[in-house]
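Peer 1: You'll find data24.txt just under this line, and it carries compact mmCIF, C-alpha atoms and all ligand atoms.
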# COMPACT_ATOMS: atom_id res chain seq x y z
CA LEU Y 21 -9.42 -14.36 4.20
CA GLU Y 22 -11.41 -17.30 2.98
CA ALA Y 23 -12.49 -17.42 -0.62
CA LYS Y 24 -16.07 -18.22 0.27
CA GLU Y 25 -17.67 -15.17 -1.21
CA GLU Y 26 -16.65 -12.81 -3.94
CA PHE Y 27 -15.72 -9.31 -2.97
CA ARG Y 28 -17.94 -7.20 -5.20
CA HIS Y 29 -17.78 -3.74 -3.73
CA LYS Y 30 -16.42 -0.83 -5.70
CA THR Y 31 -13.97 0.35 -3.06
CA LEU Y 32 -10.32 1.16 -3.79
CA ALA Y 33 -7.07 0.57 -1.93
CA THR Y 34 -7.09 4.21 -0.84
CA ASP Y 35 -10.40 3.61 1.02
CA VAL Y 36 -8.90 0.83 3.13
CA MET Y 37 -5.24 1.77 3.63
CA ARG Y 38 -3.82 3.24 6.83
CA PRO Y 39 -3.05 5.79 8.06
CA ARG Y 40 -6.40 7.54 7.80
CA ARG Y 41 -6.33 11.28 7.39
CA SER Y 42 -6.73 11.76 11.15
CA ASP Y 43 -4.11 9.13 12.11
CA PRO Y 44 -0.45 9.81 12.82
CA PRO Y 45 1.73 9.26 9.73
CA LEU Y 46 3.00 5.85 8.65
CA SER Y 47 5.88 4.65 10.86
CA VAL Y 48 8.78 4.09 8.50
CA LEU Y 49 12.50 3.48 8.80
CA THR Y 50 15.02 5.17 6.55
CA GLN Y 51 17.63 2.99 4.84
CA SER Y 52 20.38 5.02 6.50
CA GLY Y 53 20.63 7.92 8.91
CA MET Y 54 18.95 6.28 11.90
CA THR Y 55 20.69 5.17 15.09
CA VAL Y 56 20.21 1.97 17.10
CA GLU Y 57 18.52 4.04 19.79
CA GLU Y 58 16.06 5.62 17.34
CA VAL Y 59 15.08 2.28 15.86
CA GLU Y 60 14.69 0.75 19.33
CA ARG Y 61 12.44 3.65 20.29
CA LEU Y 62 10.27 3.13 17.22
CA ILE Y 63 9.91 -0.54 18.17
CA SER Y 64 8.94 0.22 21.75
CA ASP Y 65 6.64 3.16 20.90
CA THR Y 66 4.54 1.18 18.39
CA THR Y 67 2.98 -2.26 18.11
CA TYR Y 68 3.01 -2.66 14.31
CA SER Y 69 4.08 -6.04 12.94
CA GLY Y 70 6.43 -4.40 10.47
CA PHE Y 71 7.87 -1.22 9.03
CA PRO Y 72 8.41 -0.05 5.47
CA VAL Y 73 11.97 1.09 4.79
CA VAL Y 74 12.30 4.19 2.59
CA ILE Y 75 15.22 5.96 0.96
CA SER Y 76 14.56 9.12 2.94
CA GLN Y 77 11.71 10.78 4.85
CA LEU Y 78 11.61 13.42 2.12
CA SER Y 79 11.36 11.10 -0.89
CA GLN Y 80 9.25 8.35 0.76
CA ARG Y 81 10.58 6.03 -1.93
CA LEU Y 82 10.15 2.40 -0.92
CA VAL Y 83 13.22 0.19 -0.41
CA GLY Y 84 11.64 -2.77 1.37
CA PHE Y 85 9.74 -4.03 4.39
CA VAL Y 86 11.12 -5.31 7.68
CA LEU Y 87 9.26 -7.37 10.26
CA ARG Y 88 9.21 -6.00 13.80
CA ARG Y 89 10.26 -9.40 15.15
CA ASP Y 90 13.35 -9.61 12.91
CA LEU Y 91 14.31 -6.04 13.69
CA PHE Y 92 14.00 -6.62 17.43
CA ILE Y 93 16.04 -9.82 17.39
CA SER Y 94 18.77 -8.38 15.16
CA LEU Y 95 19.23 -5.27 17.29
CA GLU Y 96 19.33 -7.33 20.46
CA ASN Y 97 21.92 -9.61 18.88
CA ALA Y 98 24.02 -6.69 17.71
CA ARG Y 99 23.92 -5.10 21.18
CA ARG Y 100 25.04 -8.39 22.76
CA HIS Y 101 27.47 -9.83 20.28
CA GLN Y 102 28.75 -7.15 17.91
CA ASP Y 103 31.83 -5.38 19.23
CA GLY Y 104 31.52 -1.67 19.89
CA VAL Y 105 27.80 -1.27 19.11
CA VAL Y 106 26.26 1.53 21.15
CA SER Y 107 23.05 3.59 21.14
CA VAL Y 108 24.44 6.04 18.60
CA SER Y 109 25.64 3.35 16.19
CA ALA Y 110 24.11 3.72 12.75
CA VAL Y 111 21.53 1.22 11.49
CA LEU Y 112 22.04 0.58 7.78
CA PHE Y 113 19.76 -1.17 5.29
CA THR Y 114 21.87 0.03 2.38
CA GLU Y 115 23.81 -2.19 -0.01
CA CYS Y 116 27.19 -0.58 -0.03
CA GLU Y 117 28.63 1.07 2.97
CA SER Y 118 28.65 4.82 3.11
CA PRO Y 119 32.02 5.85 4.50
CA ALA Y 120 31.63 6.29 8.24
CA SER Y 121 33.08 9.38 9.80
CA PRO Y 122 36.38 8.68 11.52
CA GLY Y 123 35.93 7.50 15.08
CA ALA Y 124 32.24 6.66 14.59
CA PRO Y 125 31.07 3.50 16.39
CA PRO Y 126 30.53 0.43 14.17
CA ALA Y 127 27.26 0.33 12.24
CA VAL Y 128 24.64 -2.39 12.51
CA LYS Y 129 23.97 -3.74 9.01
CA LEU Y 130 20.48 -5.11 8.53
CA ARG Y 131 20.01 -5.50 4.78
CA SER Y 132 19.76 -9.27 5.21
CA ILE Y 133 16.49 -9.04 7.15
CA LEU Y 134 14.88 -6.71 4.61
CA ASP Y 135 12.20 -8.00 2.25
CA LEU Y 136 13.33 -6.19 -0.90
CA SER Y 137 10.19 -6.81 -2.92
CA PRO Y 138 7.20 -6.33 -0.66
CA PHE Y 139 3.89 -6.48 -2.48
CA THR Y 140 2.63 -3.07 -3.58
CA VAL Y 141 -0.53 -1.68 -5.16
CA THR Y 142 -1.51 1.87 -6.07
CA VAL Y 143 -4.17 4.00 -4.40
CA HIS Y 144 -6.40 3.35 -7.45
CA THR Y 145 -6.22 -0.45 -7.32
CA SER Y 146 -9.67 -1.88 -6.72
CA MET Y 147 -10.17 -3.77 -3.46
CA GLU Y 148 -11.58 -6.62 -5.50
CA ILE Y 149 -8.10 -7.13 -6.96
CA VAL Y 150 -6.35 -6.52 -3.64
CA VAL Y 151 -8.50 -9.17 -1.92
CA ASP Y 152 -7.83 -11.60 -4.76
CA ILE Y 153 -4.06 -11.08 -4.49
CA PHE Y 154 -4.10 -11.44 -0.69
CA ARG Y 155 -5.90 -14.76 -1.07
CA LYS Y 156 -3.75 -16.10 -3.87
CA LEU Y 157 -0.41 -15.09 -2.39
CA GLY Y 158 -1.36 -15.54 1.25
CA LEU Y 159 -0.21 -12.00 2.07
CA ARG Y 160 -0.24 -10.49 5.56
CA GLN Y 161 0.15 -6.93 4.35
CA CYS Y 162 0.74 -4.89 1.25
CA LEU Y 163 2.02 -1.37 0.70
CA VAL Y 164 0.22 1.38 -1.16
CA ILE Y 165 2.15 3.64 -3.53
CA GLN Y 166 1.25 6.71 -5.54
CA ASN Y 167 3.65 8.21 -8.08
CA GLY Y 168 6.56 6.32 -6.55
CA ARG Y 169 5.83 7.56 -3.03
CA LEU Y 170 4.83 5.26 -0.21
CA LEU Y 171 1.43 6.38 1.08
CA GLY Y 172 0.04 3.58 3.18
CA ILE Y 173 -0.31 -0.02 4.25
CA ILE Y 174 -3.15 -2.55 4.16
CA THR Y 175 -3.04 -5.55 6.48
CA LYS Y 176 -5.14 -8.69 6.30
CA LYS Y 177 -7.02 -7.48 9.38
CA ASP Y 178 -7.74 -4.13 7.69
CA ILE Y 179 -9.35 -6.06 4.84
CA LEU Y 180 -11.40 -8.25 7.15
CA LYS Y 181 -12.67 -5.16 9.00
CA HIS Y 182 -13.48 -3.48 5.71
CA MET Y 183 -15.42 -6.54 4.51
CA ALA Y 184 -17.41 -6.65 7.73
CA GLN Y 185 -18.21 -2.96 7.36
CA MET Y 186 -19.36 -3.36 3.77
CA ALA Y 187 -21.50 -6.36 4.70
CA ASN Y 188 -23.26 -4.36 7.41
CA ARG Y 189 -23.88 -1.40 5.22
CA ASP Y 190 -27.38 -2.17 4.05
CA PRO Y 191 -29.21 0.49 2.01
CA GLU Y 192 -31.03 1.78 5.07
CA SER Y 193 -27.89 2.44 7.09
CA ILE Y 194 -26.44 4.36 4.14
CA LEU Y 195 -29.57 6.54 4.07
CA PHE Y 196 -29.11 7.39 7.73
CA ASN Y 197 -25.39 8.00 7.56
P1 LIG A 201 -2.96 -5.97 12.28
O1 LIG A 201 -3.72 -5.20 11.25
O2 LIG A 201 -2.95 -7.44 12.02
O3 LIG A 201 -3.34 -5.60 13.70
P2 LIG A 201 -0.52 -4.42 12.66
O4 LIG A 201 -0.44 -4.51 14.15
O5 LIG A 201 0.78 -4.47 11.90
O6 LIG A 201 -1.40 -5.58 12.06
O7 LIG A 201 -1.26 -3.09 12.25
C1 LIG A 201 -2.23 -2.45 13.06
C2 LIG A 201 -2.84 -1.29 12.28
O8 LIG A 201 -1.82 -0.32 11.99
C3 LIG A 201 -3.40 -1.68 10.91
O9 LIG A 201 -4.58 -0.91 10.68
C4 LIG A 201 -2.31 -1.33 9.91
O10 LIG A 201 -2.84 -0.92 8.67
C5 LIG A 201 -1.60 -0.18 10.59
N1 LIG A 201 -0.13 -0.26 10.39
C6 LIG A 201 0.64 -1.37 10.20
N2 LIG A 201 1.94 -1.06 10.10
C7 LIG A 201 2.02 0.30 10.23
C8 LIG A 201 3.11 1.25 10.21
N3 LIG A 201 4.37 0.86 10.07
N4 LIG A 201 2.80 2.57 10.38
C9 LIG A 201 1.51 2.96 10.53
N5 LIG A 201 0.46 2.13 10.55
C10 LIG A 201 0.70 0.81 10.40
Step by step, read the file and then write its structure as structure tokens.
Ligand code: ADP
Peer 2:
Amino acid sequence: LEAKEEFRHKTLATDVMRPRRSDPPLSVLTQSGMTVEEVERLISDTTYSGFPVVISQLSQRLVGFVLRRDLFISLENARRHQDGVVSVSAVLFTECESPASPGAPPAVKLRSILDLSPFTVTVHTSMEIVVDIFRKLGLRQCLVIQNGRLLGIITKKDILKHMAQMANRDPESILFN
């Protein structure tokens, strides 16, 4: 995202964020309530570089962001080196431990790999500002929130694609759209 030219289009974060209406929903992790097996499946079923972590699927309230790479390594480590970890072990991003049911296998605690303050914008934030922030902070992605609920994600590549699209959209092509 080089700062060569100003981004002067009037588009908003909501125009660029994923998922699109026709896409499958955002792949998120919940801070508790998921098992090692479920998280491993999410990793192998998707190719995303990272996953937002939310309080619950219902609330979609953002807790943080975890990189796919860190998640993969930590689960592999836990499987190898942490005593008693099995497929149905809980994966926890929470601060304090919720009391495990008696006889439950040990949980894998992953709060340490969580980015607790990922960059966020709202659906109404102008892309001009988003582009500026990406450049200044060297971001790879940011999350999009509306009324406290996580709605989407914008990656650097999403922005580059959007810029290319806007550059190609001369008045004539708009007429024929
Ligand atoms: P890149 O955009 O560099 O290819 P990703 O592989 O992480 O990075 O993302 C691929 C596409 O999927 C992007 O359009 C991005 O907005 C979207 N995306 C990224 N993370 C998620 C996620 N956890 N759930 C749904 N879509 C995502």
Peer 1: Pick out the closest residue to Asp35 in chain Y from this set: Y:Leu112, Y:Met147, Y:Leu130, Y:Val74. Count all atoms listed in the file.
Peer 2: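 Closest to Asp35 in chain Y of all the choices is Y:Met147.
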Peer 1: Within 7 Å of ligand LIG 201 (chain A) (counting only C-alpha atoms and all ligand atoms), which residues show up? I'd like them as a count of residues only.
Peer 2: 19
Peer 1: Give me the residues near Val83 in chain Y as a ChimeraX atom specification, where near means some atom within 7 Å (using all atoms listed in the file) and where sequence neighbours in that chain fewer than 2 positions away do not count.
Peer 2: /Y:73-75,81,136
Peer 1: List as a PyMOL selection string the protein and nucleic acid residues near range 51-59 of chain Y, meaning an atom at most 12 Å away when all atoms listed in the file are counted, but skip any in the same chain fewer than 4 places from it.
Peer 2: chain Y and resi 47+63-66+71-77+79-86+88+91-92+94-99+105-120+124-131+134+136
Peer 1: For Gly168 in chain Y, which of Y:Thr31, Y:Gln185, Y:Thr140, Y:Thr145 is the closest residue, counting only C-alpha atoms?
Peer 2: Y:Thr140
Peer 1: Please, what distance in Å, to one decimal, runs between CA of Ala33 in chain Y and CA of Val141 in chain Y?
Peer 2: 7.6 Å
Peer 1: Please compute the CA of Leu157 in chain Y-CA of Pro138 in chain Y distance, one decimal, in Å.
Peer 2: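 Atom-to-atom, CA of Leu157 in chain Y to CA of Pro138 in chain Y, that is 11.7 Å.
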Peer 1: Mind giving me the straight-line distance from CA of Arg155 in chain Y to CA of Glu22 in chain Y in Å, one decimal?
Peer 2: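 The value is 7.3 Å.
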Peer 1: Would you list the contacts of Asn167 in chain Y as a ChimeraX atom specification, taking every protein, DNA or RNA residue within 10 Å and counting all atoms listed in the file, but skipping same-chain residues closer than 2 positions in sequence?
Peer 2: /Y:81,142-143,165,169-171
Peer 1: What residues have an atom no more than 12 Å from (-7.5, -12.5, -2.0) in the file's own frame, counting all atoms listed in the file, and can you write them as a ChimeraX atom specification?
Peer 2: /Y:21-27,146-162,175-176,179-180,183
